[in-house]
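Report on the structure given below.
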Amino acid sequence: MTSNNLHQQLTGWKRTVLGIQFLFVAFGATVLVPLLVGIDPAVALFTAGVGTLIFHLITRGVVPVFLGSSFAFIAPIIASSEMYGMAGTLGGLMAVGLVYAGMSALIKLRGVRFIERLFPSVVVGPVIIVIGLSLAPTAINMIQSPSAEILQTTSFGLRWLVAAVVLGTAILIVTFGKGMMKLIPIFIGMAVGYFLSVMLGIVDYSAVLAADWFSLPEFTRPEFSWGAILFMIPVAVAPIIEHVGDMYAIGGVVNKNFIEKPGLHRTLLGDGIATFFAGVMGGPPNTTYSEVTGAVSLTKVGDPKVLRIAAITAIVFSLVGKISGFLKTIPEPVLGGIMLLLFGMIASVGIKTLIDSKTNMNITRNQVIVSVVLTLGVGGATLQWGSFSLAGIGLASVVGVVLNLILPGHSLLVQESKEDDIVI
């Protein structure tokens, strides 16, 4: 039975149940990002829900995707908030949304191949690796140096025990899980870790006890900061390419070509406006969620209405204060344990990008680009000139793009074959 035939048979209540289930798939990752960067998780749920509806509006409601919090921006948000404050950082994230919009215009004018040539895998791959590896200290510190008072008096070994159980559970689910269970390793791992933490008496319930049942999320007003804007914009390189891949992926699942209709320029614009809105409201940037694409593939339900129900459910959840309060009680070793797997997997996606694209690492230019990007990004290099600062992932991304443009053999400077192959 095809996805089209199936979703035509869905009644209203079945769509509602499936929509809530799809949110369940995305829930763990969506709330994890704000918990790591110091943003109210209720804001992330709200901006993910509204952002998804914005995306569906701009793409004419034909693409079955859900937008959730982007992991690519965790390290940049943490670093930027230390330098420019959270309000300034949010202004930088708004600028990222505008960059997406600008890229969508370029795609409309020049086609998707232009973006693929400007940001080839030899640049994007190592940038994704840097994103994953640069987050490793955050995971370790949440286990070994927690900020919560109740955890500071807990033994070092006990904190690592909780993290190890979370990590082990997630690995088991990823490796041996079946069906829908395999799509929610983050949720299950965190649930098991939370239960263990309760048994060990290391959960502080004050946040959930103090929260009202119904309340507005803690929105933060963004501020204009050139430093934060210039710091954040280069980080958009990898997510833009990720978006292209996601559109091919979801199109393959439901047997439709979303690159042509509604068009990649529309999908990227929808992602950009959603991210801009998230910055305005004080939330993390949005991205299309592969977990939800997996759920669409598993259930064979490609009805975009189901994803819009998931979005509305996220908005409703964001208005329940007890949910936000509960999420804030999750102990840091639980978060650290799941991050040990997630951040390493982000880095492995970068490696997979290089492998899948068959990037020839015997070519000197490719070796140079990958080497310099990794060294600058992982090493945390900073370029500062007056009040201007470019560091870490952003600096590595810019240098990678520049090296790809100026080193001999760049794809924009060579002739294409009749098959439109790119020679590097």
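Residues are referred to by chain and number: the chain letter is A, B, ... according to the order shown in the structure tokens, the number counts from 1 in that chain, and ligands are numbered separately from 1 in the order shown.
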12 Å contact set for Thr153 of chain A, only C-alpha atoms, chain neighbours under 6 positions out, as a PyMOL selection string: chain A and resi 144-147+159+201-202
Please identify every residue of segment 88-173 of chain A that has at least one atom no farther than 10 Å from an atom of segment 222-235 of chain A, counting only C-alpha atoms, and for each give the shortest atom pair and the distance in Å to one decimal, arranged by chain then increasing number, as CSV.
```
residue,atom,partner,partner_atom,distance
A:Gly88,CA,A:Glu223,CA,4.8
A:Thr89,CA,A:Ala228,CA,5.5
A:Leu90,CA,A:Pro222,CA,5.1
A:Gly91,CA,A:Pro222,CA,5.1
A:Gly92,CA,A:Ile229,CA,3.9
A:Leu93,CA,A:Met232,CA,6.6
A:Met94,CA,A:Ile229,CA,8.3
A:Ala95,CA,A:Ile229,CA,6.1
A:Val96,CA,A:Ile233,CA,5.3
A:Gly97,CA,A:Ile233,CA,9.0
A:Leu98,CA,A:Ile233,CA,9.3
A:Val99,CA,A:Ile233,CA,7.1
A:Tyr100,CA,A:Ile233,CA,9.7
A:Val127,CA,A:Val235,CA,8.8
A:Ile128,CA,A:Val235,CA,9.9
A:Ile131,CA,A:Val235,CA,9.3
```
So that each row is one residue of segment 166-281 of chain A with an atom at most 10 Å from segment 36-55 of chain A, can you give its shortest atom pair and the distance in Å to one decimal, using only C-alpha atoms, rows by chain and rising number, as CSV?
```
residue,atom,partner,partner_atom,distance
A:Ser215,CA,A:Ala42,CA,9.7
A:Leu216,CA,A:Ala42,CA,8.3
A:Pro217,CA,A:Val43,CA,5.2
A:Glu218,CA,A:Asp40,CA,6.1
A:Phe219,CA,A:Val43,CA,6.4
A:Thr220,CA,A:Ile39,CA,8.8
A:Arg266,CA,A:Phe55,CA,8.7
A:Thr267,CA,A:Phe55,CA,7.1
A:Leu268,CA,A:Phe55,CA,8.8
A:Leu269,CA,A:Phe55,CA,8.0
A:Gly270,CA,A:Phe55,CA,4.2
A:Asp271,CA,A:Phe55,CA,6.1
A:Gly272,CA,A:Phe55,CA,8.7
A:Ile273,CA,A:Ile54,CA,7.4
A:Ala274,CA,A:Gly51,CA,4.3
A:Thr275,CA,A:Gly51,CA,7.1
A:Phe276,CA,A:Gly51,CA,9.1
A:Phe277,CA,A:Gly51,CA,7.1
A:Ala278,CA,A:Thr47,CA,5.2
A:Gly279,CA,A:Thr47,CA,8.8
A:Val280,CA,A:Thr47,CA,9.5
A:Met281,CA,A:Thr47,CA,7.3
```
Let's see if you can do this: from backbone DSSP, list all alpha helix (DSSP H) residues in segment 211-360 of chain A, as number ranges by chain. A: 226-232, 237-254, 264-281, 290-299, 304-318, 321-327, 332-356
Store the residues of this selection in a file with C-alpha atoms, as an mmCIF file, in the first residue's frame.
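Everything below was put into out03.cif:
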```
data_model
loop_
_atom_site.group_PDB
_atom_site.id
_atom_site.type_symbol
_atom_site.label_atom_id
_atom_site.label_comp_id
_atom_site.auth_asym_id
_atom_site.auth_seq_id
_atom_site.Cartn_x
_atom_site.Cartn_y
_atom_site.Cartn_z
ATOM 1 C CA TRP A 226 27.409 42.723 14.615
ATOM 2 C CA GLY A 227 29.849 40.495 16.452
ATOM 3 C CA ALA A 228 27.257 37.787 17.074
ATOM 4 C CA ILE A 229 25.918 38.084 13.526
ATOM 5 C CA LEU A 230 29.361 37.658 11.949
ATOM 6 C CA PHE A 231 30.083 34.840 14.401
ATOM 7 C CA MET A 232 26.919 32.898 13.533
ATOM 8 C CA VAL A 237 27.157 26.343 5.676
ATOM 9 C CA ALA A 238 26.666 22.785 6.944
ATOM 10 C CA PRO A 239 22.929 23.058 7.760
ATOM 11 C CA ILE A 240 22.209 24.384 4.259
ATOM 12 C CA ILE A 241 23.771 21.305 2.688
ATOM 13 C CA GLU A 242 22.031 19.129 5.290
ATOM 14 C CA HIS A 243 18.727 20.659 4.216
ATOM 15 C CA VAL A 244 19.369 19.714 0.583
ATOM 16 C CA GLY A 245 20.056 16.122 1.613
ATOM 17 C CA ASP A 246 16.939 15.989 3.772
ATOM 18 C CA MET A 247 14.740 17.135 0.902
ATOM 19 C CA TYR A 248 16.113 14.359 -1.296
ATOM 20 C CA ALA A 249 15.596 11.884 1.555
ATOM 21 C CA ILE A 250 11.964 12.715 2.342
ATOM 22 C CA GLY A 251 11.226 12.877 -1.381
ATOM 23 C CA GLY A 252 12.605 9.374 -1.787
ATOM 24 C CA VAL A 253 10.463 8.098 1.094
ATOM 25 C CA VAL A 254 7.145 9.348 -0.362
ATOM 26 C CA LEU A 264 14.304 23.648 -3.110
ATOM 27 C CA HIS A 265 14.201 27.446 -3.034
ATOM 28 C CA ARG A 266 10.834 27.278 -1.265
ATOM 29 C CA THR A 267 11.864 24.588 1.238
ATOM 30 C CA LEU A 268 15.061 26.437 2.154
ATOM 31 C CA LEU A 269 13.126 29.703 2.428
ATOM 32 C CA GLY A 270 10.645 27.977 4.739
ATOM 33 C CA ASP A 271 13.508 26.685 6.883
ATOM 34 C CA GLY A 272 15.049 30.174 6.916
ATOM 35 C CA ILE A 273 11.898 32.049 7.905
ATOM 36 C CA ALA A 274 11.232 29.452 10.621
ATOM 37 C CA THR A 275 14.763 29.944 11.965
ATOM 38 C CA PHE A 276 14.357 33.729 11.819
ATOM 39 C CA PHE A 277 11.119 33.426 13.794
ATOM 40 C CA ALA A 278 12.841 31.191 16.355
ATOM 41 C CA GLY A 279 15.509 33.865 16.879
ATOM 42 C CA VAL A 280 12.847 36.545 17.305
ATOM 43 C CA MET A 281 11.103 34.510 20.014
ATOM 44 C CA SER A 290 15.651 12.912 9.974
ATOM 45 C CA GLU A 291 14.017 11.038 12.876
ATOM 46 C CA VAL A 292 10.603 12.137 11.647
ATOM 47 C CA THR A 293 11.527 11.215 8.077
ATOM 48 C CA GLY A 294 12.346 7.763 9.435
ATOM 49 C CA ALA A 295 8.945 7.625 11.131
ATOM 50 C CA VAL A 296 7.236 8.585 7.867
ATOM 51 C CA SER A 297 9.119 5.786 6.121
ATOM 52 C CA LEU A 298 8.252 3.273 8.850
ATOM 53 C CA THR A 299 4.539 4.097 9.113
ATOM 54 C CA PRO A 304 1.590 16.536 5.553
ATOM 55 C CA LYS A 305 -1.539 17.162 7.665
ATOM 56 C CA VAL A 306 -0.191 14.677 10.209
ATOM 57 C CA LEU A 307 2.991 16.722 10.586
ATOM 58 C CA ARG A 308 0.951 19.881 11.052
ATOM 59 C CA ILE A 309 -0.924 18.145 13.874
ATOM 60 C CA ALA A 310 2.458 17.317 15.421
ATOM 61 C CA ALA A 311 3.360 21.008 15.159
ATOM 62 C CA ILE A 312 0.134 22.118 16.845
ATOM 63 C CA THR A 313 0.695 19.540 19.605
ATOM 64 C CA ALA A 314 4.186 20.967 20.213
ATOM 65 C CA ILE A 315 2.668 24.440 20.623
ATOM 66 C CA VAL A 316 0.106 23.100 23.112
ATOM 67 C CA PHE A 317 2.818 21.320 25.099
ATOM 68 C CA SER A 318 4.842 24.541 25.233
ATOM 69 C CA GLY A 321 4.297 24.958 32.479
ATOM 70 C CA LYS A 322 4.678 21.637 34.297
ATOM 71 C CA ILE A 323 6.193 20.064 31.172
ATOM 72 C CA SER A 324 8.868 22.763 30.958
ATOM 73 C CA GLY A 325 9.478 22.472 34.699
ATOM 74 C CA PHE A 326 9.836 18.698 34.449
ATOM 75 C CA LEU A 327 12.349 18.955 31.610
ATOM 76 C CA GLU A 332 23.158 16.739 33.909
ATOM 77 C CA PRO A 333 24.740 13.233 33.851
ATOM 78 C CA VAL A 334 21.639 12.038 31.967
ATOM 79 C CA LEU A 335 22.134 14.752 29.361
ATOM 80 C CA GLY A 336 25.877 14.126 29.268
ATOM 81 C CA GLY A 337 25.376 10.399 28.752
ATOM 82 C CA ILE A 338 23.147 10.862 25.720
ATOM 83 C CA MET A 339 25.496 13.510 24.340
ATOM 84 C CA LEU A 340 28.433 11.088 24.414
ATOM 85 C CA LEU A 341 26.662 9.194 21.660
ATOM 86 C CA LEU A 342 24.985 12.061 19.817
ATOM 87 C CA PHE A 343 28.005 14.289 19.384
ATOM 88 C CA GLY A 344 30.155 11.405 18.230
ATOM 89 C CA MET A 345 27.453 10.481 15.728
ATOM 90 C CA ILE A 346 27.445 14.033 14.389
ATOM 91 C CA ALA A 347 31.167 13.707 13.728
ATOM 92 C CA SER A 348 30.606 10.316 12.078
ATOM 93 C CA VAL A 349 28.054 11.918 9.731
ATOM 94 C CA GLY A 350 30.845 14.215 8.546
ATOM 95 C CA ILE A 351 33.051 11.213 7.855
ATOM 96 C CA LYS A 352 30.156 9.505 6.053
ATOM 97 C CA THR A 353 29.680 12.639 3.936
ATOM 98 C CA LEU A 354 33.251 12.361 2.672
ATOM 99 C CA ILE A 355 32.904 8.631 2.039
ATOM 100 C CA ASP A 356 29.511 8.754 0.300
#
```
Residue among A:Ala236, A:Val112, A:Val320, A:Gly302 lying closest to Trp213 of chain A, counting only C-alpha atoms: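 The answer is A:Val320, which sits nearest to Trp213 of chain A.
The coordinates place atom CA of Tyr205 of chain A at 15.5 Å from atom CA of Gly193 of chain A.
For segment 49-230 of chain A, a DSSP pass over the backbone yields strand (DSSP E or B) at Leu67, Gly68, Ser69 and Phe214 of chain A.
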Please write the residues from the selection above to a file, keeping C-alpha atoms, as a short mmCIF file (atom, residue, chain, number, x, y, z; two decimals), in the first residue's frame.
```cif
data_model
loop_
_atom_site.label_atom_id
_atom_site.label_comp_id
_atom_site.auth_asym_id
_atom_site.auth_seq_id
_atom_site.Cartn_x
_atom_site.Cartn_y
_atom_site.Cartn_z
CA LEU A 67 11.25 21.22 12.06
CA GLY A 68 13.05 20.74 15.37
CA SER A 69 16.04 22.20 17.21
CA PHE A 214 -0.38 26.69 32.24
#
```
For atom CA of Arg113 of chain A and atom CA of Pro284 of chain A, determine how far apart the two atoms are, in Å to one decimal place.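 Between atom CA of Arg113 of chain A and atom CA of Pro284 of chain A the gap works out to 28.7 Å.
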In Å, with one decimal, what is the gap from atom CA of Val192 of chain A to atom CA of Ile77 of chain A? 28.1 Å
